[in-house]
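What follows is the content of target-v3.txt (compact mmCIF, C-alpha atoms).
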# COMPACT_ATOMS: atom_id res chain seq x y z
CA MET N 1 27.83 87.87 145.29
CA ALA N 2 31.44 88.89 145.61
CA LYS N 3 33.90 86.19 146.47
CA ASP N 4 34.27 85.55 150.18
CA ILE N 5 31.47 87.85 151.31
CA ALA N 6 28.69 85.68 152.61
CA PRO N 7 25.53 87.46 153.76
CA GLN N 8 25.59 85.57 157.06
CA THR N 9 28.97 87.05 157.97
CA LEU N 10 27.56 90.53 157.51
CA ASP N 11 24.50 89.55 159.54
CA ALA N 12 26.77 88.34 162.32
CA VAL N 13 28.48 91.72 162.44
CA ARG N 14 25.18 93.59 162.59
CA GLN N 15 23.83 91.75 165.62
CA PRO N 16 23.61 93.51 169.00
CA ILE N 17 27.08 93.99 170.45
CA GLU N 18 26.55 91.28 173.04
CA THR N 19 26.34 88.61 170.35
CA ALA N 20 27.95 90.24 167.32
CA HIS N 21 31.15 89.10 165.69
CA GLY N 22 33.61 91.43 164.05
CA LEU N 23 34.16 91.55 160.33
CA PRO N 24 35.79 88.29 159.24
CA ASN N 25 39.36 87.85 158.07
CA ALA N 26 38.61 88.28 154.39
CA HIS N 27 37.78 91.94 154.98
CA TYR N 28 41.38 92.50 155.98
CA ILE N 29 43.46 90.08 153.94
CA ASP N 30 41.58 89.41 150.72
CA ALA N 31 42.34 91.68 147.78
CA ASP N 32 39.00 90.83 146.15
CA VAL N 33 37.06 91.93 149.21
CA PHE N 34 39.15 95.09 149.28
CA GLU N 35 37.97 95.80 145.73
CA VAL N 36 34.36 95.50 146.89
CA GLU N 37 35.05 97.77 149.86
CA LYS N 38 36.62 100.35 147.59
CA GLN N 39 33.31 100.74 145.82
CA ALA N 40 30.89 100.13 148.66
CA VAL N 41 32.65 101.97 151.44
CA LEU N 42 35.34 104.30 150.16
CA CYS N 43 33.99 105.51 146.80
CA ALA N 44 30.31 105.59 147.78
CA ASN N 45 30.86 107.82 150.83
CA TRP N 46 32.79 110.96 151.75
CA ALA N 47 36.39 109.83 152.05
CA GLY N 48 39.23 112.02 153.22
CA LEU N 49 41.81 112.83 150.56
CA ALA N 50 43.94 115.76 151.70
CA VAL N 51 44.03 118.97 153.70
CA THR N 52 43.57 122.44 152.29
CA ALA N 53 47.09 123.31 153.39
CA ASP N 54 48.35 120.96 150.68
CA VAL N 55 47.44 123.71 148.19
CA PRO N 56 47.75 126.91 150.23
CA GLU N 57 47.66 129.49 147.41
CA PRO N 58 45.64 130.04 144.24
CA GLY N 59 47.16 128.07 141.39
CA ASP N 60 48.78 125.47 143.65
CA ALA N 61 48.28 122.01 142.20
CA LYS N 62 49.15 118.67 143.73
CA PRO N 63 48.75 115.34 141.93
CA MET N 64 47.51 112.61 144.23
CA GLU N 65 46.57 108.99 144.00
CA PHE N 66 43.59 107.58 145.82
CA LEU N 67 42.69 103.91 145.50
CA GLY N 68 44.82 103.81 142.38
CA MET N 69 42.99 106.73 140.79
CA PRO N 70 45.01 109.71 139.56
CA LEU N 71 43.54 112.86 141.10
CA LEU N 72 44.53 116.49 141.03
CA LEU N 73 44.06 118.69 144.07
CA ILE N 74 44.08 122.33 143.05
CA ARG N 75 43.23 125.72 144.47
CA ASP N 76 41.64 127.64 141.63
CA ARG N 77 42.19 131.28 140.79
CA GLN N 78 39.27 132.30 143.04
CA GLY N 79 40.75 130.39 145.96
CA GLN N 80 38.36 127.45 145.89
CA VAL N 81 39.90 124.02 146.51
CA ARG N 82 38.81 121.52 143.88
CA VAL N 83 39.57 117.92 142.98
CA PHE N 84 39.73 116.70 139.39
CA GLN N 85 40.61 113.44 137.77
CA ASN N 86 44.17 114.18 136.73
CA ILE N 87 43.76 113.48 133.03
CA CYS N 88 43.36 115.33 129.78
CA ARG N 89 40.02 114.76 128.08
CA HIS N 90 41.83 114.16 124.78
CA ARG N 91 44.04 111.11 125.22
CA GLY N 92 43.83 110.52 128.94
CA MET N 93 47.35 111.77 129.56
CA ILE N 94 48.31 112.63 133.14
CA LEU N 95 48.11 116.40 133.31
CA VAL N 96 50.22 117.24 136.34
CA SER N 97 52.93 114.87 137.52
CA GLU N 98 54.53 116.90 140.32
CA PRO N 99 53.23 119.48 142.79
CA ARG N 100 53.60 122.93 141.23
CA LYS N 101 52.10 126.35 140.78
CA ILE N 102 49.81 126.81 137.78
CA GLU N 103 50.60 130.33 136.63
CA GLY N 104 48.02 130.56 133.88
CA ALA N 105 46.45 127.47 132.37
CA LEU N 106 46.95 123.75 132.90
CA ARG N 107 48.60 122.59 129.68
CA CYS N 108 48.57 118.93 128.85
CA PRO N 109 52.19 117.96 128.13
CA TYR N 110 51.10 115.73 125.22
CA HIS N 111 49.14 117.82 122.66
CA SER N 112 48.87 120.99 124.76
CA TRP N 113 45.14 121.12 125.31
CA CYS N 114 44.75 123.80 127.99
CA TYR N 115 42.40 124.02 130.96
CA SER N 116 41.64 126.78 133.43
CA THR N 117 42.20 126.10 137.12
CA GLU N 118 38.40 125.84 137.34
CA GLY N 119 38.60 122.90 134.95
CA LYS N 120 37.24 124.57 131.82
CA LEU N 121 38.79 123.51 128.51
CA VAL N 122 40.08 126.76 127.07
CA SER N 123 42.19 125.79 124.09
CA THR N 124 42.65 122.86 121.72
CA PRO N 125 45.67 123.74 119.58
CA HIS N 126 45.73 122.38 116.03
CA VAL N 127 42.63 120.30 116.73
CA GLY N 128 41.22 121.22 113.32
CA GLY N 129 44.58 120.85 111.57
CA PRO N 130 47.80 122.91 111.73
CA GLY N 131 47.02 126.40 112.98
CA GLN N 132 43.29 125.55 113.15
CA ASN N 133 42.37 125.53 116.81
CA THR N 134 38.73 124.52 116.63
CA HIS N 135 36.79 121.71 115.07
CA GLU N 136 33.03 121.37 114.93
CA ALA N 137 33.23 117.91 116.47
CA ILE N 138 35.07 119.16 119.52
CA ASP N 139 32.75 121.09 121.83
CA LYS N 140 34.99 122.63 124.46
CA SER N 141 32.07 123.28 126.78
CA LEU N 142 31.57 119.52 127.11
CA LEU N 143 35.19 118.60 127.62
CA GLY N 144 36.23 120.25 130.84
CA LEU N 145 38.22 118.38 133.43
CA ILE N 146 36.24 115.72 135.25
CA GLU N 147 35.59 117.13 138.69
CA VAL N 148 35.30 114.92 141.74
CA ARG N 149 32.65 115.99 144.21
CA SER N 150 34.40 117.51 147.22
CA HIS N 151 33.63 119.17 150.52
CA ILE N 152 35.83 120.94 153.06
CA TRP N 153 35.38 120.40 156.80
CA PHE N 154 38.05 120.80 159.47
CA GLU N 155 40.33 122.00 156.65
CA THR N 156 40.06 118.47 155.30
CA VAL N 157 39.16 117.74 151.70
CA PHE N 158 36.53 115.02 151.58
CA ILE N 159 35.62 113.45 148.25
CA ASN N 160 32.72 111.37 147.06
CA ILE N 161 34.12 109.46 144.12
CA ASP N 162 30.94 107.89 142.81
CA GLY N 163 29.02 111.14 143.15
CA ASN N 164 25.98 109.46 144.67
CA ALA N 165 26.33 110.12 148.38
CA ALA N 166 23.92 112.49 150.08
CA PRO N 167 25.45 115.95 150.70
CA PHE N 168 28.23 115.95 153.29
CA GLU N 169 26.31 118.34 155.57
CA GLU N 170 23.42 115.91 155.54
CA VAL N 171 25.41 112.72 156.07
CA HIS N 172 27.39 114.22 158.93
CA ALA N 173 24.75 116.60 160.29
CA ASP N 174 24.84 115.12 163.79
CA LEU N 175 28.61 115.26 164.13
CA ILE N 176 28.72 118.77 162.68
CA ALA N 177 26.15 119.80 165.29
CA ARG N 178 28.02 118.01 168.08
CA TRP N 179 31.17 119.93 167.23
CA SER N 180 29.55 123.18 166.16
CA ALA N 181 31.73 125.01 168.69
CA PHE N 182 34.68 124.20 166.46
CA ASP N 183 33.07 125.64 163.36
CA GLN N 184 35.63 128.44 163.25
CA PRO N 185 38.90 129.19 161.50
CA MET N 186 41.65 126.63 161.98
CA TYR N 187 45.20 127.00 160.80
CA HIS N 188 47.53 124.24 159.77
CA GLY N 189 50.70 124.33 161.84
CA GLY N 190 52.87 124.00 158.74
CA ALA N 191 55.67 121.65 157.79
CA ASP N 192 56.53 120.74 161.38
CA SER N 193 52.91 119.86 162.08
CA THR N 194 52.45 117.14 159.53
CA PHE N 195 53.92 113.68 159.25
CA MET N 196 53.11 110.40 157.59
CA LEU N 197 53.25 106.95 159.15
CA PRO N 198 53.27 103.95 156.78
CA VAL N 199 51.68 100.97 158.48
CA ARG N 200 51.35 97.38 157.34
CA THR N 201 47.72 97.04 158.13
CA ASN N 202 44.28 97.26 156.64
CA TRP N 203 42.92 100.80 156.97
CA LYS N 204 39.94 99.62 159.04
CA LEU N 205 42.16 98.40 161.85
CA ALA N 206 43.54 101.92 162.22
CA VAL N 207 39.97 103.18 162.53
CA GLU N 208 39.05 100.50 165.04
CA ASN N 209 42.03 101.17 167.25
CA TYR N 210 41.42 104.92 167.15
CA CYS N 211 37.78 104.62 168.08
CA GLU N 212 38.19 102.92 171.43
CA SER N 213 39.77 103.91 174.72
CA TYR N 214 39.94 100.33 176.00
CA HIS N 215 43.55 99.97 174.88
CA LEU N 216 44.84 103.24 176.29
CA PRO N 217 46.22 102.05 179.64
CA TRP N 218 47.97 99.11 178.00
CA VAL N 219 49.34 100.66 174.85
CA HIS N 220 49.81 104.24 176.02
CA PRO N 221 50.86 103.84 179.67
CA GLY N 222 52.19 107.38 179.64
CA LEU N 223 48.60 108.60 179.61
CA ASN N 224 47.77 106.78 182.85
CA SER N 225 49.34 109.44 185.03
CA TYR N 226 46.60 111.89 184.20
CA SER N 227 44.17 110.33 181.75
CA ARG N 228 42.91 107.11 183.23
CA LEU N 229 40.53 104.73 181.55
CA GLU N 230 37.66 105.89 183.73
CA ASP N 231 38.17 109.43 182.52
CA HIS N 232 37.13 108.37 179.03
CA TYR N 233 33.72 107.75 177.53
CA ASN N 234 32.46 106.01 174.42
CA ILE N 235 30.97 107.86 171.49
CA ASP N 236 28.94 105.53 169.32
CA GLU N 237 26.18 106.89 167.18
CA LYS N 238 24.92 103.91 165.25
CA GLY N 239 25.04 104.39 161.51
CA LYS N 240 26.81 107.72 161.88
CA TYR N 241 30.13 107.99 163.69
CA SER N 242 32.04 106.69 166.67
CA GLY N 243 35.03 107.38 168.83
CA GLN N 244 35.86 108.32 172.38
CA GLY N 245 36.10 111.32 174.63
CA THR N 246 38.15 112.35 177.63
CA ARG N 247 37.18 114.53 180.57
CA VAL N 248 40.74 115.33 181.58
CA TYR N 249 42.42 116.86 178.55
CA ARG N 250 45.49 118.66 179.76
CA GLN N 251 47.06 121.43 177.72
CA LEU N 252 50.64 121.08 176.63
CA LYS N 253 52.88 123.67 178.24
CA GLY N 254 56.22 125.05 177.11
CA ASP N 255 59.22 125.38 179.39
CA ASP N 256 58.06 128.89 180.20
CA GLY N 257 54.50 127.76 180.92
CA ALA N 258 53.18 129.05 177.60
CA VAL N 259 50.19 127.31 176.05
CA PHE N 260 48.56 127.47 172.63
CA PRO N 261 45.76 130.02 172.23
CA ASP N 262 42.29 128.50 172.65
CA PHE N 263 39.66 128.30 169.96
CA ALA N 264 37.21 131.15 170.46
CA GLY N 265 34.06 130.94 172.53
CA LEU N 266 34.24 127.32 173.71
CA ASP N 267 32.02 126.41 176.64
CA THR N 268 33.28 124.79 179.82
CA LYS N 269 32.78 121.28 178.47
CA TRP N 270 35.97 121.81 176.53
CA THR N 271 38.06 123.23 179.36
CA GLU N 272 39.24 119.73 180.15
CA GLY N 273 37.37 117.85 177.46
CA GLY N 274 38.65 116.30 174.26
CA GLU N 275 36.91 114.11 171.71
CA TYR N 276 38.32 111.75 169.11
CA VAL N 277 35.95 110.60 166.43
CA THR N 278 36.17 108.81 163.10
CA VAL N 279 34.37 110.54 160.28
CA TYR N 280 33.48 107.36 158.45
CA PRO N 281 35.07 105.96 156.50
CA ASN N 282 38.69 107.07 156.82
CA VAL N 283 39.21 110.37 158.63
CA LEU N 284 40.19 110.43 162.29
CA LEU N 285 39.56 113.79 163.94
CA GLY N 286 40.51 115.01 167.39
CA VAL N 287 39.31 118.22 169.02
CA GLN N 288 40.59 119.98 172.12
CA ARG N 289 40.45 123.53 173.39
CA ASP N 290 43.72 124.63 171.84
CA HIS N 291 44.30 122.46 168.79
CA SER N 292 42.75 119.79 166.68
CA PHE N 293 44.20 117.11 164.49
CA VAL N 294 43.27 115.26 161.36
CA ILE N 295 44.48 111.82 160.39
CA ILE N 296 43.66 110.81 156.85
CA LEU N 297 43.98 107.09 156.34
CA GLU N 298 45.09 106.35 152.82
CA PRO N 299 44.21 102.75 151.97
CA VAL N 300 47.11 101.72 149.75
CA SER N 301 46.10 98.07 149.55
CA HIS N 302 44.20 95.58 151.66
CA ALA N 303 47.27 95.29 153.88
CA GLN N 304 48.93 98.69 153.66
CA THR N 305 47.85 102.09 154.91
CA ARG N 306 49.47 105.48 155.08
CA GLU N 307 48.44 107.66 157.99
CA HIS N 308 48.70 111.35 157.10
CA ILE N 309 48.67 113.39 160.28
CA HIS N 310 48.04 117.15 160.42
CA LEU N 311 47.83 119.45 163.45
CA LEU N 312 45.57 122.51 163.33
CA TYR N 313 45.58 125.55 165.61
CA ALA N 314 43.32 128.44 166.55
CA THR N 315 45.69 131.13 165.30
CA PRO N 316 47.84 131.46 162.18
CA GLN N 317 50.99 131.93 164.25
CA THR N 318 51.94 129.75 167.21
CA ASP N 319 55.08 129.28 169.24
CA ASP N 320 57.59 127.29 167.18
CA ALA N 321 59.05 125.29 170.05
CA LEU N 322 55.67 124.46 171.52
CA ARG N 323 54.33 123.38 168.14
CA THR N 324 57.33 121.14 167.58
CA LYS N 325 56.88 119.64 171.02
CA ASN N 326 53.21 119.00 170.35
CA ALA N 327 53.92 117.25 167.05
CA ALA N 328 56.55 115.08 168.75
CA GLN N 329 54.11 114.16 171.51
CA TRP N 330 51.40 113.11 169.08
CA ARG N 331 53.89 111.26 166.91
CA GLU N 332 54.91 109.22 169.94
CA VAL N 333 51.30 108.34 170.74
CA PHE N 334 50.45 107.38 167.16
CA GLU N 335 53.65 105.37 166.78
CA GLU N 336 52.77 103.45 169.93
CA ASP N 337 49.69 102.21 168.08
CA ILE N 338 51.59 100.79 165.12
CA PHE N 339 52.48 97.43 166.64
CA VAL N 340 48.84 96.94 167.55
CA VAL N 341 47.35 97.60 164.15
CA GLU N 342 50.10 95.62 162.44
CA GLY N 343 49.69 92.79 164.97
CA MET N 344 45.95 92.58 164.39
CA GLN N 345 46.58 92.51 160.64
CA LYS N 346 48.93 89.55 161.03
CA GLY N 347 46.35 87.94 163.28
CA ARG N 348 43.79 88.04 160.46
CA TYR N 349 45.72 85.26 158.71
CA ALA N 350 44.79 82.86 161.51
CA PRO N 351 42.27 80.66 159.69
CA ASP N 352 39.97 80.09 162.62
CA PHE N 353 39.64 83.68 163.78
CA ASP N 354 35.93 84.41 163.64
CA GLY N 355 36.03 88.19 163.62
CA GLY N 356 36.32 88.29 167.38
CA ARG N 357 33.86 89.22 170.09
CA PHE N 358 33.27 92.67 171.49
CA SER N 359 33.24 93.90 175.06
CA PRO N 360 29.72 95.31 175.40
CA ALA N 361 31.07 97.86 177.87
CA MET N 362 34.21 98.95 176.05
CA ASP N 363 33.94 98.14 172.35
CA GLY N 364 30.78 99.98 171.39
CA PRO N 365 32.61 102.45 169.12
CA THR N 366 34.41 99.63 167.30
CA HIS N 367 31.23 97.64 166.84
CA CYS N 368 29.50 100.80 165.61
CA PHE N 369 32.12 101.08 162.85
CA HIS N 370 31.89 97.37 161.93
CA ASP N 371 28.12 97.65 161.78
CA TRP N 372 28.39 100.68 159.48
CA VAL N 373 30.88 98.97 157.15
CA ALA N 374 28.82 95.76 157.03
CA GLY N 375 25.71 97.79 156.28
CA LYS N 376 27.39 99.64 153.42
CA ILE N 377 28.68 96.42 151.90
CA ALA N 378 25.30 94.71 152.28
CA ALA N 379 23.61 97.65 150.56
CA HIS N 380 26.19 97.61 147.77
CA LEU N 381 25.71 93.88 147.23
CA ASP N 382 21.94 94.33 147.56
CA VAL N 383 21.74 91.89 150.43
CA PRO N 384 18.30 92.20 152.06
CA MET X 1 64.94 131.62 110.07
CA THR X 2 67.84 129.39 111.01
CA ALA X 3 68.97 131.74 113.75
CA LEU X 4 65.39 131.89 115.02
CA GLN X 5 65.15 128.14 114.91
CA ASP X 6 68.30 127.88 116.98
CA ARG X 7 66.89 130.30 119.53
CA LEU X 8 63.61 128.37 119.63
CA LEU X 9 65.43 125.10 120.17
CA ALA X 10 67.50 126.69 122.91
CA ALA X 11 64.34 128.05 124.59
CA HIS X 12 62.76 124.60 124.42
CA ALA X 13 65.93 123.03 125.80
CA HIS X 14 65.83 125.42 128.76
CA ASP X 15 62.07 125.18 129.09
CA ASP X 16 62.01 128.97 128.90
CA ARG X 17 58.35 129.54 128.18
CA THR X 18 58.51 133.32 128.31
CA ALA X 19 61.09 133.20 125.53
CA LEU X 20 58.95 130.71 123.63
CA VAL X 21 56.06 133.19 123.57
CA THR X 22 58.33 135.86 122.14
CA LEU X 23 60.09 133.61 119.65
CA TYR X 24 56.97 131.92 118.29
CA THR X 25 55.41 135.35 117.88
CA GLU X 26 58.49 136.42 115.96
CA ALA X 27 58.23 133.29 113.82
CA ALA X 28 54.59 134.13 113.08
CA ASP X 29 55.52 137.68 112.11
CA ASP X 30 58.13 136.33 109.69
CA ALA X 31 55.96 133.57 108.26
CA ALA X 32 55.47 133.32 104.51
CA ASN X 33 51.71 132.81 104.63
CA ILE X 34 48.72 132.90 106.94
CA ASP X 35 48.68 129.16 107.62
CA ALA X 36 52.28 129.17 108.73
CA ALA X 37 51.69 132.32 110.77
CA CYS X 38 48.71 130.76 112.54
CA PHE X 39 50.73 127.65 113.32
CA PHE X 40 53.34 129.76 115.11
CA LEU X 41 50.76 132.08 116.66
CA THR X 42 49.05 129.04 118.12
CA HIS X 43 52.25 127.98 119.84
CA ALA X 44 52.91 131.48 121.12
CA TYR X 45 49.34 131.71 122.40
CA ILE X 46 49.44 128.33 124.17
CA TYR X 47 52.68 129.08 125.99
CA ALA X 48 51.36 132.52 126.93
CA LEU X 49 48.16 130.95 128.19
CA GLU X 50 50.12 128.47 130.28
CA LYS X 51 52.30 131.20 131.76
CA GLY X 52 49.43 133.57 132.42
CA ASP X 53 51.33 135.98 130.18
CA PRO X 54 49.27 139.08 129.28
CA ALA X 55 50.44 138.60 125.67
CA ALA X 56 47.87 135.80 125.45
CA LYS X 57 45.06 138.30 124.86
CA GLY X 58 46.69 139.89 121.86
CA LEU X 59 47.70 136.54 120.40
CA TYR X 60 44.16 135.28 120.82
CA ARG X 61 42.85 138.35 118.99
CA ARG X 62 45.23 137.73 116.09
CA LEU X 63 44.13 134.11 115.82
CA LYS X 64 40.50 135.17 116.10
CA GLY X 65 41.08 137.61 113.26
CA PHE X 66 42.09 134.69 111.07
CA GLY X 67 39.15 132.59 112.25
CA ARG X 68 41.47 130.12 113.96
CA VAL X 69 39.99 130.02 117.48

Show me this structure written as C-alpha cells.
Amino acid sequence: MAKDIAPQTLDAVRQPIETAHGLPNAHYIDADVFEVEKQAVLCANWAGLAVTADVPEPGDAKPMEFLGMPLLLIRDRQGQVRVFQNICRHRGMILVSEPRKIEGALRCPYHSWCYSTEGKLVSTPHVGGPGQNTHEAIDKSLLGLIEVRSHIWFETVFINIDGNAAPFEEVHADLIARWSAFDQPMYHGGADSTFMLPVRTNWKLAVENYCESYHLPWVHPGLNSYSRLEDHYNIDEKGKYSGQGTRVYRQLKGDDGAVFPDFAGLDTKWTEGGEYVTVYPNVLLGVQRDHSFVIILEPVSHAQTREHIHLLYATPQTDDALRTKNAAQWREVFEEDIFVVEGMQKGRYAPDFDGGRFSPAMDGPTHCFHDWVAGKIAAHLDVP
Amino acid sequence: MTALQDRLLAAHAHDDRTALVTLYTEAADDAANIDAACFFLTHAYIYALEKGDPAAKGLYRRLKGFGRV
C-alpha cells in the first residue's frame, strides 16, 4: 500500500454524494501520493498532452515534457500527428531539444543515428566500425523510436502512456456520442487564441472547479447579468465524465455586430446552449455554437499546474478583432478562477480538513470526478 | 586536403549542412582508399538524409556498392 493512501479514505470518497467525503489532503499535497496518481490516473488513462496546432505542418517537431518524461510531438511526412519518447535508441540521448522543422530525417546529435518522421530507424553510421554502417547485432527494424499511444479528438492530442487503456473511442464513447454534433472540422485560432496560466495548485482542483457551476455567481459575477445559476445544469455521468451546461449561451459580438460563424448543422439545443465537460483525467473542453475551447492541464508537480488554453473555431479564417476579444474574455474568466484553485490548495495543508462534504444538489460533477479518481487509484493499488 | 579540411571546419562552424554534404562527398572522391572513402561518404549521406537532400539516394547507392549499408 502506498504511503498515505488508506483504503478507507478511498471508500469514503466513493460513498453516495450525501455521505461521501472528498479526496483527503494527501492527494493534493503529498509528493508520494502524486507519484501513485501519475501511474494510476494520468499514465493509465488518456491524458491530454497538446493540440494538433502545435505541429501544424508535416515535419514539425516539438519536444515536450509530461510528468517528467521527455516526449516528442511530431507531424510525420504523411501528415499524421504522432508522439514518441524523445530519445535515441542507442544511448538514450535527447533527440530534439527545441521546436523545429525536420526536413529529412531526425538525426541524433550524439552519434547521428537517423530516424524517419514515422519513427523508423533508417541509418546507424559507423555502427560496424568506421565507414561500416551496419552490424549483425543491430537490427534496425527493432530499434525504431518508442511511440506513445495517441489519439486525436477536438484537435487535442491524447496519450495513453502505459499503453493499457481501452481504445479512446471506447472509453469516451458516451461523451463522443453526446457531442457528435461537433464531430466536424475545427480550426485553431492561432497565436492570439492560445495562452498559458501557471497556477500553484494540484491539477485536480482545476478540474473540480471547472466541473461545477455552483461557484459561478460568486467567482464570476459578470456572468450573473445573463447567465444565472438557475440557467445551468449538472453533467455527471458516473465513471465517465462530468461538467456543467448552460441554457443561455450568448454569442460574442463585435462592435459592428459581427459574430463568429457557427459550426455546421447544429440543432436548436445549441442555439443558446453550451456545455463544459472534463475529459478525465486532465482535459477541460467547452462547446458552443460558434467556438469551442480546450484546456490541457499539465500537472507539473503535486502543487503546480500549467493550464494551456486553446480556442477553436468553425472556419479557418475569423475576424481578427473578434477573436482577440474572445480570447481576452475567456482569459478574464479563467484568471478569475486562479485565486480559488490556489486557495483550495493552501487549504489542503489544514491538518483536520477531511476532504470536505459535497452539496448533493450542486456538487454532483465534482463528486463524480472524485469517485472516478478514487476508483482508478483503488484499482491500481488492487484494493477490493 | 588541408584546404578541404578548412572548408569542412568552416561548414561545421556555420552548421551549413548543405555544404557538409558537398564537402564530405568531395573528401570521399579524393580519399586514398575505400575505407576512407566510405567514412566520408557516410558523413555526406547522413547530412543529406537529415536535410532531405536528394543527393542522399546517390550516396546511399555508393555505400551500398561497397557493402557498407

Step by step, gather every atom of range 203-208 of chain N that the file lists, find the box along x, y and z that holds them, add 4 Å on each side, and finally give centre and edge lengths in Å to one decimal, as JSON.
{"center_x": 41.3, "center_y": 100.8, "center_z": 161.0, "size_x": 12.5, "size_y": 12.8, "size_z": 16.1}

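In this comparison, which uses all atoms listed in the file, the residue of N:Cys108, N:Leu205, N:Leu266, N:Val373 approaching Thr305 in chain N most closely is N:Leu205.
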
Give me, as a tab-separated table, each residue of chain X that comes within 6 Å of chain N, together with its shortest interatomic pair and the distance in Å at one decimal, counting all atoms listed in the file, with rows ordered by chain and rising residue number.
residue	atom	partner	partner_atom	distance
X:Cys38	CA	N:Gly131	CA	4.7
X:Phe39	CA	N:Gly131	CA	3.9
X:Leu49	CA	N:Ala105	CA	5.7
X:Glu50	CA	N:Ala105	CA	4.3
X:Lys51	CA	N:Gly104	CA	4.8
X:Gly52	CA	N:Gly104	CA	3.6
X:Arg68	CA	N:Gln132	CA	5.0
X:Val69	CA	N:Asn133	CA	5.1

Counting only C-alpha atoms, what is within 9 Å of Asn86 in chain N, bar same-chain residues fewer than 5 positions away, as JSON, numbers by chain? {"N": [63, 64, 69, 70, 71, 72, 73, 92, 93, 94, 95, 96, 97, 145, 146]}

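Atom pair CA of Leu4 in chain X / CA of Val127 in chain N: separated by 25.6 Å.
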
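You will find CA of Ile295 in chain N at 17.0 Å from CA of Leu67 in chain N.
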
Test item: residues at most 7 Å from Ala44 in chain X, all atoms listed in the file, excluding those fewer than 4 positions along its chain, as a list of chain:residue names: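 Here the answer would be X:Leu20, X:Val21, X:Tyr24, X:Thr25, X:Phe40, X:Ala48.
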
At a cut-off of 10 Å, using only C-alpha atoms, what residues contact range 21-28 of chain N? Leave out same-chain residues fewer than 5 positions from it and give the result as a PyMOL selection string. chain N and resi 3-5+9-16+33-34+36-37+201-205+301-303+344-358+366-367+369-371+373-374
